[in-house]
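The file target.txt contains compact mmCIF, C-alpha atoms (C1' of nucleotides):
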# COMPACT_ATOMS: atom_id res chain seq x y z
CA MET A 1 -13.60 -43.04 -3.13
CA LYS A 2 -12.44 -39.96 -4.90
CA PRO A 3 -8.80 -38.93 -4.91
CA SER A 4 -8.22 -35.97 -2.69
CA LEU A 5 -5.67 -34.39 -4.95
CA LYS A 6 -6.69 -33.96 -8.54
CA THR A 7 -3.94 -34.36 -11.04
CA ARG A 8 -4.02 -31.35 -13.24
CA GLY A 9 -1.55 -29.91 -15.67
CA ALA A 10 -0.08 -26.70 -14.38
CA ARG A 11 -1.61 -26.49 -11.02
CA PRO A 12 -1.99 -23.44 -8.81
CA GLY A 13 -0.98 -23.60 -5.23
CA SER A 14 2.68 -23.75 -5.99
CA ILE A 15 4.81 -20.72 -6.47
CA ALA A 16 6.42 -20.36 -9.85
CA ARG A 17 8.65 -17.37 -10.07
CA VAL A 18 7.44 -14.94 -12.68
CA GLU A 19 9.84 -13.63 -15.27
CA GLY A 20 10.83 -10.01 -14.95
CA LEU A 21 8.95 -9.36 -11.74
CA SER A 22 10.44 -7.91 -8.61
CA TYR A 23 9.75 -9.68 -5.35
CA GLY A 24 10.88 -6.83 -3.16
CA ASP A 25 12.65 -8.03 -0.08
CA LEU A 26 10.53 -11.11 0.22
CA GLY A 27 13.63 -13.20 -0.31
CA GLU A 28 15.02 -11.97 2.97
CA HIS A 29 12.19 -13.36 5.05
CA PHE A 30 12.50 -16.89 6.31
CA GLY A 31 8.77 -17.23 6.30
CA TYR A 32 8.61 -16.67 2.57
CA LEU A 33 11.61 -18.83 1.75
CA LEU A 34 10.30 -21.67 3.84
CA ARG A 35 6.85 -21.41 2.38
CA ARG A 36 8.18 -21.50 -1.13
CA ALA A 37 10.42 -24.46 -0.44
CA GLN A 38 7.63 -26.28 1.31
CA LEU A 39 5.25 -25.83 -1.59
CA ALA A 40 7.90 -27.16 -3.93
CA GLY A 41 8.25 -30.11 -1.59
CA PHE A 42 4.51 -30.77 -1.66
CA ASP A 43 4.64 -30.65 -5.42
CA ALA A 44 7.46 -33.16 -5.49
CA PHE A 45 5.63 -35.41 -3.06
CA HIS A 46 2.53 -35.22 -5.12
CA ARG A 47 4.40 -36.11 -8.26
CA ALA A 48 6.13 -39.03 -6.56
CA THR A 49 2.88 -40.53 -5.28
CA GLU A 50 0.62 -39.86 -8.20
CA ARG A 51 -2.55 -42.01 -8.32
CA LEU A 52 -1.78 -43.43 -4.89
CA ASP A 53 -4.47 -41.43 -3.09
CA ILE A 54 -2.01 -40.49 -0.40
CA THR A 55 -1.16 -37.11 1.06
CA PRO A 56 1.68 -35.82 3.17
CA ALA A 57 -0.52 -35.95 6.25
CA ARG A 58 -1.53 -39.54 5.59
CA TYR A 59 2.02 -40.55 4.99
CA THR A 60 3.05 -38.91 8.23
CA ALA A 61 0.28 -40.66 10.09
CA LEU A 62 1.26 -44.03 8.67
CA THR A 63 4.86 -43.48 9.64
CA ILE A 64 4.02 -42.43 13.15
CA VAL A 65 1.71 -45.35 13.75
CA GLY A 66 4.42 -47.64 12.45
CA ALA A 67 6.95 -46.14 14.81
CA ASN A 68 4.61 -46.19 17.81
CA PRO A 69 2.53 -49.37 17.90
CA GLY A 70 -0.48 -49.12 20.13
CA LEU A 71 -0.68 -45.38 19.74
CA THR A 72 -3.88 -43.62 20.71
CA GLN A 73 -5.86 -41.58 18.23
CA SER A 74 -5.58 -38.51 20.38
CA ALA A 75 -1.83 -38.91 20.55
CA LEU A 76 -1.72 -39.28 16.80
CA GLY A 77 -3.73 -36.11 16.43
CA ALA A 78 -1.31 -34.27 18.66
CA ALA A 79 1.64 -35.59 16.68
CA LEU A 80 0.02 -34.46 13.44
CA GLY A 81 -0.89 -31.12 14.90
CA THR A 82 -4.53 -31.70 14.12
CA ALA A 83 -7.74 -32.03 16.08
CA ARG A 84 -9.03 -35.38 17.26
CA SER A 85 -11.68 -35.41 14.58
CA GLY A 86 -9.06 -35.00 11.91
CA ALA A 87 -6.98 -37.80 13.33
CA MET A 88 -10.01 -40.01 13.22
CA MET A 89 -10.56 -39.41 9.54
CA VAL A 90 -6.98 -40.34 8.75
CA VAL A 91 -7.34 -43.49 10.80
CA ASP A 92 -10.59 -44.31 9.05
CA TRP A 93 -8.81 -43.98 5.75
CA MET A 94 -5.94 -46.19 6.85
CA GLU A 95 -8.28 -48.78 8.28
CA GLN A 96 -10.44 -48.93 5.17
CA ARG A 97 -7.34 -49.65 3.16
CA GLY A 98 -6.33 -52.37 5.55
CA LEU A 99 -3.14 -50.59 6.52
CA VAL A 100 -3.95 -50.10 10.18
CA GLU A 101 -6.19 -51.78 12.70
CA ARG A 102 -7.75 -50.54 15.90
CA ARG A 103 -7.48 -52.86 18.83
CA HIS A 104 -9.14 -52.44 22.16
CA ARG A 105 -6.87 -51.46 24.97
CA GLN A 106 -7.06 -53.28 28.24
CA ASP A 107 -6.04 -50.27 30.29
CA ASP A 108 -8.62 -47.86 28.90
CA ALA A 109 -11.93 -48.89 27.41
CA ARG A 110 -12.46 -45.53 25.76
CA SER A 111 -9.50 -45.51 23.46
CA TRP A 112 -8.19 -47.72 20.71
CA GLY A 113 -4.64 -48.79 20.11
CA LEU A 114 -3.42 -48.36 16.55
CA TYR A 115 -1.29 -50.99 14.86
CA LEU A 116 0.08 -51.40 11.37
CA THR A 117 -1.11 -54.51 9.60
CA GLY A 118 1.31 -56.59 7.55
CA ARG A 119 -0.03 -54.88 4.49
CA GLY A 120 0.44 -51.54 6.15
CA GLU A 121 4.06 -52.32 6.82
CA THR A 122 4.96 -53.32 3.30
CA ASN A 123 2.96 -50.43 2.00
CA LEU A 124 4.83 -48.05 4.23
CA ARG A 125 8.15 -49.50 3.19
CA ASN A 126 7.31 -48.98 -0.46
CA LEU A 127 6.13 -45.47 0.16
CA ASN A 128 9.25 -44.79 2.12
CA ARG A 129 11.46 -45.87 -0.72
CA ARG A 130 9.50 -43.78 -3.14
CA VAL A 131 9.55 -40.69 -0.97
CA ARG A 132 13.23 -41.08 -0.25
CA ALA A 133 14.06 -41.28 -3.94
CA ASN A 134 11.91 -38.31 -4.65
CA ASP A 135 13.54 -36.38 -1.87
CA ALA A 136 16.89 -36.93 -3.48
CA ALA A 137 15.54 -35.70 -6.81
CA PHE A 138 13.89 -32.77 -5.14
CA ALA A 139 17.15 -31.71 -3.52
CA SER A 140 19.25 -32.51 -6.54
CA ARG A 141 20.26 -28.90 -6.86
CA LEU A 142 22.18 -29.25 -3.62
CA ALA A 143 25.39 -31.14 -3.16
CA PRO A 144 25.30 -33.96 -0.62
CA ARG A 145 27.13 -31.84 1.89
CA GLU A 146 24.66 -29.02 1.39
CA ARG A 147 21.73 -31.35 1.90
CA ALA A 148 23.13 -32.50 5.19
CA ALA A 149 23.70 -28.92 6.20
CA LEU A 150 20.15 -27.97 5.27
CA ARG A 151 18.71 -30.84 7.25
CA LYS A 152 20.74 -29.88 10.24
CA LEU A 153 19.79 -26.23 10.02
CA LEU A 154 16.08 -26.97 9.64
CA ASP A 155 16.23 -29.29 12.57
CA LYS A 156 17.99 -26.77 14.71
CA LEU A 157 15.57 -24.05 13.66
CA CYS A 158 12.61 -25.95 15.06
CA GLY A 159 14.30 -26.71 18.33
CA MET B 1 -15.26 -7.86 8.39
CA LYS B 2 -14.29 -10.85 10.36
CA PRO B 3 -10.65 -11.67 11.01
CA SER B 4 -9.52 -14.62 8.96
CA LEU B 5 -7.33 -16.03 11.66
CA LYS B 6 -8.89 -16.38 15.03
CA THR B 7 -6.58 -15.88 17.92
CA ARG B 8 -6.86 -18.85 20.15
CA GLY B 9 -4.71 -20.25 22.87
CA ALA B 10 -2.99 -23.43 21.79
CA ARG B 11 -3.97 -23.62 18.22
CA PRO B 12 -3.92 -26.68 15.98
CA GLY B 13 -2.35 -26.47 12.58
CA SER B 14 1.13 -26.20 13.91
CA ILE B 15 3.27 -29.16 14.76
CA ALA B 16 4.32 -29.45 18.36
CA ARG B 17 6.61 -32.34 18.95
CA VAL B 18 5.11 -34.80 21.38
CA GLU B 19 7.11 -36.00 24.31
CA GLY B 20 8.27 -39.59 24.19
CA LEU B 21 6.95 -40.32 20.72
CA SER B 22 8.97 -41.72 17.88
CA TYR B 23 8.75 -40.00 14.52
CA GLY B 24 10.33 -42.82 12.57
CA ASP B 25 12.51 -41.58 9.78
CA LEU B 26 10.34 -38.58 9.12
CA GLY B 27 13.23 -36.37 10.12
CA GLU B 28 15.17 -37.53 7.11
CA HIS B 29 12.67 -36.26 4.60
CA PHE B 30 13.03 -32.72 3.38
CA GLY B 31 9.33 -32.53 2.81
CA TYR B 32 8.60 -33.08 6.45
CA LEU B 33 11.35 -30.82 7.73
CA LEU B 34 10.30 -28.03 5.45
CA ARG B 35 6.67 -28.42 6.35
CA ARG B 36 7.42 -28.29 10.03
CA ALA B 37 9.64 -25.26 9.67
CA GLN B 38 7.09 -23.53 7.51
CA LEU B 39 4.30 -24.08 10.00
CA ALA B 40 6.50 -22.67 12.72
CA GLY B 41 7.11 -19.69 10.48
CA PHE B 42 3.37 -19.17 9.97
CA ASP B 43 2.92 -19.31 13.68
CA ALA B 44 5.60 -16.71 14.19
CA PHE B 45 4.09 -14.51 11.51
CA HIS B 46 0.70 -14.84 13.05
CA ARG B 47 2.03 -13.89 16.45
CA ALA B 48 3.89 -10.91 15.04
CA THR B 49 0.83 -9.52 13.28
CA GLU B 50 -1.84 -10.30 15.80
CA ARG B 51 -5.06 -8.28 15.44
CA LEU B 52 -3.83 -6.84 12.15
CA ASP B 53 -6.11 -8.93 9.95
CA ILE B 54 -3.22 -9.74 7.68
CA THR B 55 -2.04 -13.05 6.35
CA PRO B 56 1.16 -14.22 4.71
CA ALA B 57 -0.52 -14.13 1.32
CA ARG B 58 -1.76 -10.59 1.85
CA TYR B 59 1.61 -9.46 3.01
CA THR B 60 3.20 -11.02 -0.05
CA ALA B 61 0.68 -9.35 -2.32
CA LEU B 62 1.31 -5.99 -0.72
CA THR B 63 5.04 -6.36 -1.12
CA ILE B 64 4.80 -7.41 -4.74
CA VAL B 65 2.50 -4.56 -5.66
CA GLY B 66 4.90 -2.20 -3.93
CA ALA B 67 7.81 -3.58 -5.86
CA ASN B 68 5.98 -3.57 -9.20
CA PRO B 69 3.82 -0.47 -9.58
CA GLY B 70 1.21 -0.77 -12.28
CA LEU B 71 1.08 -4.52 -11.95
CA THR B 72 -1.86 -6.37 -13.43
CA GLN B 73 -4.12 -8.52 -11.31
CA SER B 74 -3.39 -11.55 -13.43
CA ALA B 75 0.33 -11.03 -13.00
CA LEU B 76 -0.18 -10.69 -9.26
CA GLY B 77 -2.10 -13.94 -9.26
CA ALA B 78 0.73 -15.67 -11.10
CA ALA B 79 3.25 -14.29 -8.65
CA LEU B 80 1.19 -15.51 -5.73
CA GLY B 81 0.65 -18.86 -7.35
CA THR B 82 -3.08 -18.41 -7.17
CA ALA B 83 -5.94 -18.15 -9.63
CA ARG B 84 -7.17 -14.81 -10.93
CA SER B 85 -10.20 -14.94 -8.70
CA GLY B 86 -8.01 -15.32 -5.67
CA ALA B 87 -5.86 -12.39 -6.71
CA MET B 88 -8.98 -10.33 -7.02
CA MET B 89 -10.03 -11.04 -3.48
CA VAL B 90 -6.67 -9.96 -2.15
CA VAL B 91 -6.83 -6.79 -4.18
CA ASP B 92 -10.35 -6.13 -2.96
CA TRP B 93 -9.10 -6.44 0.57
CA MET B 94 -6.18 -4.11 -0.03
CA GLU B 95 -8.35 -1.59 -1.80
CA GLN B 96 -10.98 -1.56 0.91
CA ARG B 97 -8.27 -0.75 3.41
CA GLY B 98 -7.00 2.05 1.23
CA LEU B 99 -3.64 0.40 0.76
CA VAL B 100 -3.83 -0.07 -2.99
CA GLU B 101 -5.71 1.56 -5.80
CA ARG B 102 -6.69 0.32 -9.21
CA ARG B 103 -6.04 2.70 -12.06
CA HIS B 104 -7.13 2.29 -15.62
CA ARG B 105 -4.39 1.44 -18.03
CA GLN B 106 -4.10 3.30 -21.28
CA ASP B 107 -2.67 0.35 -23.15
CA ASP B 108 -5.37 -2.15 -22.21
CA ALA B 109 -8.91 -1.24 -21.28
CA ARG B 110 -9.59 -4.63 -19.77
CA SER B 111 -7.04 -4.62 -17.02
CA TRP B 112 -6.26 -2.43 -14.07
CA GLY B 113 -2.90 -1.27 -12.89
CA LEU B 114 -2.25 -1.70 -9.20
CA TYR B 115 -0.49 0.97 -7.18
CA LEU B 116 0.28 1.39 -3.52
CA THR B 117 -1.30 4.42 -1.93
CA GLY B 118 0.69 6.56 0.46
CA ARG B 119 -1.05 4.80 3.26
CA GLY B 120 -0.19 1.48 1.69
CA GLU B 121 3.46 2.43 1.59
CA THR B 122 3.74 3.43 5.23
CA ASN B 123 1.68 0.41 6.17
CA LEU B 124 3.97 -1.87 4.24
CA ARG B 125 7.03 -0.28 5.80
CA ASN B 126 5.65 -0.89 9.27
CA LEU B 127 4.71 -4.43 8.45
CA ASN B 128 8.12 -4.97 7.00
CA ARG B 129 9.83 -3.85 10.15
CA ARG B 130 7.58 -6.03 12.21
CA VAL B 131 8.10 -9.10 10.08
CA ARG B 132 11.81 -8.55 9.94
CA ALA B 133 12.06 -8.34 13.72
CA ASN B 134 9.93 -11.41 14.07
CA ASP B 135 12.05 -13.24 11.57
CA ALA B 136 15.08 -12.57 13.69
CA ALA B 137 13.29 -13.88 16.77
CA PHE B 138 12.02 -16.87 14.86
CA ALA B 139 15.54 -17.77 13.76
CA SER B 140 17.11 -16.91 17.07
CA ARG B 141 18.19 -20.48 17.55
CA LEU B 142 20.59 -20.04 14.66
CA ALA B 143 23.78 -18.05 14.70
CA PRO B 144 23.98 -15.22 12.16
CA ARG B 145 26.25 -17.28 9.98
CA GLU B 146 23.82 -20.18 10.09
CA ARG B 147 20.92 -17.95 9.11
CA ALA B 148 22.77 -16.74 6.09
CA ALA B 149 23.63 -20.30 5.18
CA LEU B 150 20.01 -21.38 5.55
CA ARG B 151 18.80 -18.55 3.37
CA LYS B 152 21.30 -19.43 0.72
CA LEU B 153 20.44 -23.11 0.81
CA LEU B 154 16.72 -22.51 0.60
CA ASP B 155 17.23 -20.19 -2.28
CA LYS B 156 19.39 -22.65 -4.11
CA LEU B 157 16.94 -25.44 -3.45
CA CYS B 158 14.16 -23.64 -5.30
CA GLY B 159 16.30 -22.76 -8.26
C1' DT C 1 -19.84 -46.37 46.91
C1' DG C 2 -21.36 -42.91 44.21
C1' DC C 3 -20.55 -38.21 42.55
C1' DG C 4 -18.25 -34.74 39.45
C1' DG C 5 -14.90 -33.07 36.41
C1' DG C 6 -11.94 -34.27 32.67
C1' DT C 7 -10.85 -37.42 28.53
C1' DT C 8 -11.78 -40.46 24.39
C1' DG C 9 -13.75 -41.58 20.13
C1' DT C 10 -17.36 -40.21 17.26
C1' DT C 11 -20.63 -37.54 14.54
C1' DA C 12 -22.49 -33.49 12.60
C1' DT C 13 -21.88 -28.85 11.38
C1' DA C 14 -19.36 -24.73 10.17
C1' DT C 15 -15.73 -22.23 8.07
C1' DA C 16 -11.78 -20.70 5.31
C1' DG C 17 -9.29 -20.75 1.50
C1' DC C 18 -9.11 -21.93 -2.62
C1' DA C 19 -10.20 -23.47 -7.47
C1' DT C 20 -13.61 -23.82 -11.16
C1' DT C 21 -16.92 -22.18 -14.16
C1' DA C 22 -19.35 -18.82 -16.65
C1' DC C 23 -19.72 -14.28 -18.69
C1' DA C 24 -19.20 -9.72 -20.74
C1' DA C 25 -15.78 -6.50 -22.36
C1' DT C 26 -11.71 -6.06 -24.78
C1' DC C 27 -7.46 -7.15 -27.34
C1' DG C 28 -4.74 -8.95 -31.29
C1' DA C 29 -4.06 -11.24 -35.53
C1' DC C 30 -5.59 -12.35 -39.87
C1' DG D 1 -14.70 -6.82 -39.33
C1' DT D 2 -14.36 -11.60 -37.48
C1' DC D 3 -12.66 -15.08 -34.40
C1' DG D 4 -9.90 -16.90 -30.77
C1' DA D 5 -7.58 -15.55 -26.57
C1' DT D 6 -7.26 -12.71 -22.34
C1' DT D 7 -8.98 -9.66 -18.51
C1' DG D 8 -11.61 -8.71 -14.49
C1' DT D 9 -15.57 -10.17 -12.17
C1' DA D 10 -19.22 -12.88 -9.92
C1' DA D 11 -21.29 -17.20 -8.55
C1' DT D 12 -20.53 -21.70 -7.17
C1' DG D 13 -18.21 -25.76 -5.45
C1' DC D 14 -14.91 -28.36 -3.11
C1' DT D 15 -11.49 -29.87 0.31
C1' DA D 16 -9.38 -29.85 4.38
C1' DT D 17 -9.96 -28.63 8.92
C1' DA D 18 -11.73 -26.76 13.05
C1' DT D 19 -15.68 -26.53 16.32
C1' DA D 20 -19.44 -28.15 18.99
C1' DA D 21 -22.16 -31.68 20.92
C1' DC D 22 -22.57 -36.31 22.85
C1' DA D 23 -22.25 -40.78 25.04
C1' DA D 24 -19.09 -43.86 27.23
C1' DC D 25 -15.55 -44.01 30.27
C1' DC D 26 -11.54 -42.83 33.61
C1' DC D 27 -9.94 -40.95 37.93
C1' DG D 28 -9.93 -38.64 42.35
C1' DC D 29 -12.44 -37.78 46.44
C1' DA D 30 -15.66 -37.62 49.98
Could you write out this structure as structure tokens?
Amino acid sequence: MKPSLKTRGARPGSIARVEGLSYGDLGEHFGYLLRRAQLAGFDAFHRATERLDITPARYTALTIVGANPGLTQSALGAALGTARSGAMMVVDWMEQRGLVERRHRQDDARSWGLYLTGRGETNLRNLNRRVRANDAAFASRLAPRERAALRKLLDKLCG
Amino acid sequence: MKPSLKTRGARPGSIARVEGLSYGDLGEHFGYLLRRAQLAGFDAFHRATERLDITPARYTALTIVGANPGLTQSALGAALGTARSGAMMVVDWMEQRGLVERRHRQDDARSWGLYLTGRGETNLRNLNRRVRANDAAFASRLAPRERAALRKLLDKLCG
DNA sequence: TGCGGGTTGTTATATAGCATTACAATCGAC
DNA sequence: GTCGATTGTAATGCTATATAACAACCCGCA
């Protein structure tokens, strides 16, 4: 089982501002600002979960299953914004690690219901703590009031 | 030359919130909020530039070359947060479209200098207008004051 | 009761966007 | 001039996803 994110020194994929270079009016576009911030967030997440073989998508999946016991794989896929096949791979991963189990549903013989195992729950709690701490570090440039404001604005932005 | 983003109806890759589903405490994490907002931004960008065969990365590259005439490909790669090979592909694309030209540098025979062509400039101006308008639509849920605040916060967040 | 269209999980395949590696030409320092 | 580092380039590989195909199953309807 190979880790899906290699740990390398100075890794590409994130945007490091280059000294003495003009970025035109890129800084005016929300798309660019959001992209940059999001990449920084991925970086922070990656740093916080090093050697854990987890990814943002997997963490999201774990959280959503935990919050919606009995969820269907299709529903999970929709929540993740991914195709059914992708959802299945995440579930496979979670199941292999003993974090989630598929149980037959009585109302529909086609679909499974997804449930966190005990191990999945503790695992999720630990991850949660870790991610929360990292989030604070990631946003350490902002004052508490500013963080709250940012959260609110981002939430409002996405309706 | 195939378009790199197919235009399809309801496309995966973006996060659509699912009715009656709990997202746990995902909404507290900046990583998740930023990711969601960024995907929405990509979607908006994609809609605004439909059938133009352009991508956020290409648009960024075009802008940066415009703002830094004579730029080196390596420097462009650094600015984009991508490897040299990736920068080359973007430049190839821009050159094939007649938007950018490579000129020999007198100070270094290894590297090229990148310059917008006249066509590249008008093209960039048009794109800029389009993206700017789309940005406004994308952020239409926010009041002007809120948009300014969001911009400022995002900027501060990334140092 | 059985038929037909849509849905679910699954598998296999394709594709896009990258990074990685390798290489020749060139630079810079000693 | 020699050696290590850098530049653009080309070839290759990899990872994350989407897409397509399929069998089992649900539901509505005659």
Study note, to complete from the structure: For chain D, the closest of B:Met88, B:Ala133, B:Ala148, B:Leu114 counting only C-alpha atoms (C1' of nucleotides) is B:Met88
Review point. Using only C-alpha atoms (C1' of nucleotides), which chain B residues lie at most 10 Å away from chain C, written as a list in words?
Key: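 Taking only C-alpha atoms (C1' of nucleotides) into account, Ser4, Leu5, Thr82, Ala83, Arg84, Ser85, Gly86, Asp107, Asp108, Ala109, Arg110 and Ser111 of chain B sit within 10 Å of chain C.
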Would you output that residue set with C-alpha atoms, as a short mmCIF file (atom, residue, chain, number, x, y, z; two decimals), keeping the file's coordinate frame?
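New file again00.cif:
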data_model
loop_
_atom_site.label_atom_id
_atom_site.label_comp_id
_atom_site.auth_asym_id
_atom_site.auth_seq_id
_atom_site.Cartn_x
_atom_site.Cartn_y
_atom_site.Cartn_z
CA SER B 4 -9.52 -14.62 8.96
CA LEU B 5 -7.33 -16.03 11.66
CA THR B 82 -3.08 -18.41 -7.17
CA ALA B 83 -5.94 -18.15 -9.63
CA ARG B 84 -7.17 -14.81 -10.93
CA SER B 85 -10.20 -14.94 -8.70
CA GLY B 86 -8.01 -15.32 -5.67
CA ASP B 107 -2.67 0.35 -23.15
CA ASP B 108 -5.37 -2.15 -22.21
CA ALA B 109 -8.91 -1.24 -21.28
CA ARG B 110 -9.59 -4.63 -19.77
CA SER B 111 -7.04 -4.62 -17.02
#
Give the residues of chain D that lie within 8 Å of chain B; count all atoms listed in the file, and format the answer as a compact mmCIF listing (two decimals) with C-alpha atoms (C1' of nucleotides), in the frame of the given file.
# COMPACT_ATOMS: atom_id res chain seq x y z
C1' DT D 7 -8.98 -9.66 -18.51
C1' DG D 8 -11.61 -8.71 -14.49
C1' DT D 9 -15.57 -10.17 -12.17
Review point. When the cut-off is 7 Å and we count all atoms listed in the file, which residues of chain B are near chain A, given as a ChimeraX atom specification?
Key: /B:12-18,21-24,29-31,33-35,37-38,41-42,63-64,67-68,78-83,132,135,139,141-142,150,153-154,156-158
Exercise for review: Take atom CA of A:His104 and atom C1' of D:DT19 and report the distance between them in Å, one decimal.
Suggested key: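 Taking atom CA of A:His104 and atom C1' of D:DT19, their separation equals 27.4 Å.
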Revision key, fill the gap. re atom CA of B:Thr49 and atom C1' of D:DT17: distance 22.4 Å
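Between atom CA of A:Arg102 and atom CA of A:Asp53 the interatomic distance comes to 21.3 Å.
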Exercise for review: Rank A:Gln106, A:Arg119, A:Leu127, A:Ala87 by their smallest atom-to-atom distance to A:Ala48, using all atoms listed in the file, and report the top residue only.
Suggested key: A:Leu127
Missing atoms in stretch 49-70 of chain A: can you complete it with N, CA and C atoms, as a PDB file, in the coordinates of the input?
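Result file is out-v2.pdb:
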ATOM      1  N   THR A  49       3.900 -39.596  -5.753  1.00  0.00           N
ATOM      2  CA  THR A  49       2.880 -40.530  -5.280  1.00  0.00           C
ATOM      3  C   THR A  49       1.609 -40.432  -6.104  1.00  0.00           C
ATOM      4  N   GLU A  50       1.769 -40.028  -7.320  1.00  0.00           N
ATOM      5  CA  GLU A  50       0.620 -39.860  -8.200  1.00  0.00           C
ATOM      6  C   GLU A  50      -0.258 -41.117  -8.209  1.00  0.00           C
ATOM      7  N   ARG A  51      -1.565 -40.925  -8.273  1.00  0.00           N
ATOM      8  CA  ARG A  51      -2.550 -42.010  -8.320  1.00  0.00           C
ATOM      9  C   ARG A  51      -2.468 -42.956  -7.124  1.00  0.00           C
ATOM     10  N   LEU A  52      -1.862 -42.546  -6.062  1.00  0.00           N
ATOM     11  CA  LEU A  52      -1.780 -43.430  -4.890  1.00  0.00           C
ATOM     12  C   LEU A  52      -2.764 -43.007  -3.812  1.00  0.00           C
ATOM     13  N   ASP A  53      -3.472 -41.888  -4.043  1.00  0.00           N
ATOM     14  CA  ASP A  53      -4.470 -41.430  -3.090  1.00  0.00           C
ATOM     15  C   ASP A  53      -3.865 -41.194  -1.704  1.00  0.00           C
ATOM     16  N   ILE A  54      -2.623 -40.778  -1.695  1.00  0.00           N
ATOM     17  CA  ILE A  54      -2.010 -40.490  -0.400  1.00  0.00           C
ATOM     18  C   ILE A  54      -1.659 -39.010  -0.339  1.00  0.00           C
ATOM     19  N   THR A  55      -1.519 -38.507   0.852  1.00  0.00           N
ATOM     20  CA  THR A  55      -1.160 -37.110   1.060  1.00  0.00           C
ATOM     21  C   THR A  55      -0.042 -37.061   2.084  1.00  0.00           C
ATOM     22  N   PRO A  56       0.627 -35.946   2.160  1.00  0.00           N
ATOM     23  CA  PRO A  56       1.680 -35.820   3.170  1.00  0.00           C
ATOM     24  C   PRO A  56       1.172 -36.168   4.567  1.00  0.00           C
ATOM     25  N   ALA A  57       0.003 -35.680   4.917  1.00  0.00           N
ATOM     26  CA  ALA A  57      -0.520 -35.950   6.250  1.00  0.00           C
ATOM     27  C   ALA A  57      -0.731 -37.444   6.465  1.00  0.00           C
ATOM     28  N   ARG A  58      -1.288 -38.103   5.456  1.00  0.00           N
ATOM     29  CA  ARG A  58      -1.530 -39.540   5.590  1.00  0.00           C
ATOM     30  C   ARG A  58      -0.231 -40.300   5.703  1.00  0.00           C
ATOM     31  N   TYR A  59       0.720 -39.903   4.915  1.00  0.00           N
ATOM     32  CA  TYR A  59       2.020 -40.550   4.990  1.00  0.00           C
ATOM     33  C   TYR A  59       2.638 -40.369   6.377  1.00  0.00           C
ATOM     34  N   THR A  60       2.542 -39.177   6.886  1.00  0.00           N
ATOM     35  CA  THR A  60       3.050 -38.910   8.230  1.00  0.00           C
ATOM     36  C   THR A  60       2.357 -39.782   9.252  1.00  0.00           C
ATOM     37  N   ALA A  61       1.043 -39.850   9.142  1.00  0.00           N
ATOM     38  CA  ALA A  61       0.280 -40.660  10.090  1.00  0.00           C
ATOM     39  C   ALA A  61       0.726 -42.115  10.039  1.00  0.00           C
ATOM     40  N   LEU A  62       0.853 -42.634   8.841  1.00  0.00           N
ATOM     41  CA  LEU A  62       1.260 -44.030   8.670  1.00  0.00           C
ATOM     42  C   LEU A  62       2.621 -44.261   9.315  1.00  0.00           C
ATOM     43  N   THR A  63       3.527 -43.351   9.071  1.00  0.00           N
ATOM     44  CA  THR A  63       4.860 -43.480   9.640  1.00  0.00           C
ATOM     45  C   THR A  63       4.816 -43.473  11.164  1.00  0.00           C
ATOM     46  N   ILE A  64       4.050 -42.564  11.699  1.00  0.00           N
ATOM     47  CA  ILE A  64       4.020 -42.430  13.150  1.00  0.00           C
ATOM     48  C   ILE A  64       3.374 -43.639  13.807  1.00  0.00           C
ATOM     49  N   VAL A  65       2.307 -44.134  13.198  1.00  0.00           N
ATOM     50  CA  VAL A  65       1.710 -45.350  13.750  1.00  0.00           C
ATOM     51  C   VAL A  65       2.710 -46.496  13.697  1.00  0.00           C
ATOM     52  N   GLY A  66       3.431 -46.586  12.579  1.00  0.00           N
ATOM     53  CA  GLY A  66       4.420 -47.640  12.450  1.00  0.00           C
ATOM     54  C   GLY A  66       5.508 -47.542  13.500  1.00  0.00           C
ATOM     55  N   ALA A  67       5.850 -46.334  13.861  1.00  0.00           N
ATOM     56  CA  ALA A  67       6.950 -46.140  14.810  1.00  0.00           C
ATOM     57  C   ALA A  67       6.477 -46.208  16.256  1.00  0.00           C
ATOM     58  N   ASN A  68       5.144 -46.183  16.444  1.00  0.00           N
ATOM     59  CA  ASN A  68       4.610 -46.190  17.810  1.00  0.00           C
ATOM     60  C   ASN A  68       3.418 -47.131  17.903  1.00  0.00           C
ATOM     61  N   PRO A  69       3.647 -48.416  17.881  1.00  0.00           N
ATOM     62  CA  PRO A  69       2.530 -49.370  17.900  1.00  0.00           C
ATOM     63  C   PRO A  69       1.706 -49.183  19.166  1.00  0.00           C
ATOM     64  N   GLY A  70       0.395 -49.269  18.994  1.00  0.00           N
ATOM     65  CA  GLY A  70      -0.480 -49.120  20.130  1.00  0.00           C
ATOM     66  C   GLY A  70      -0.848 -47.684  20.440  1.00  0.00           C
TER      67      GLY A  70
END
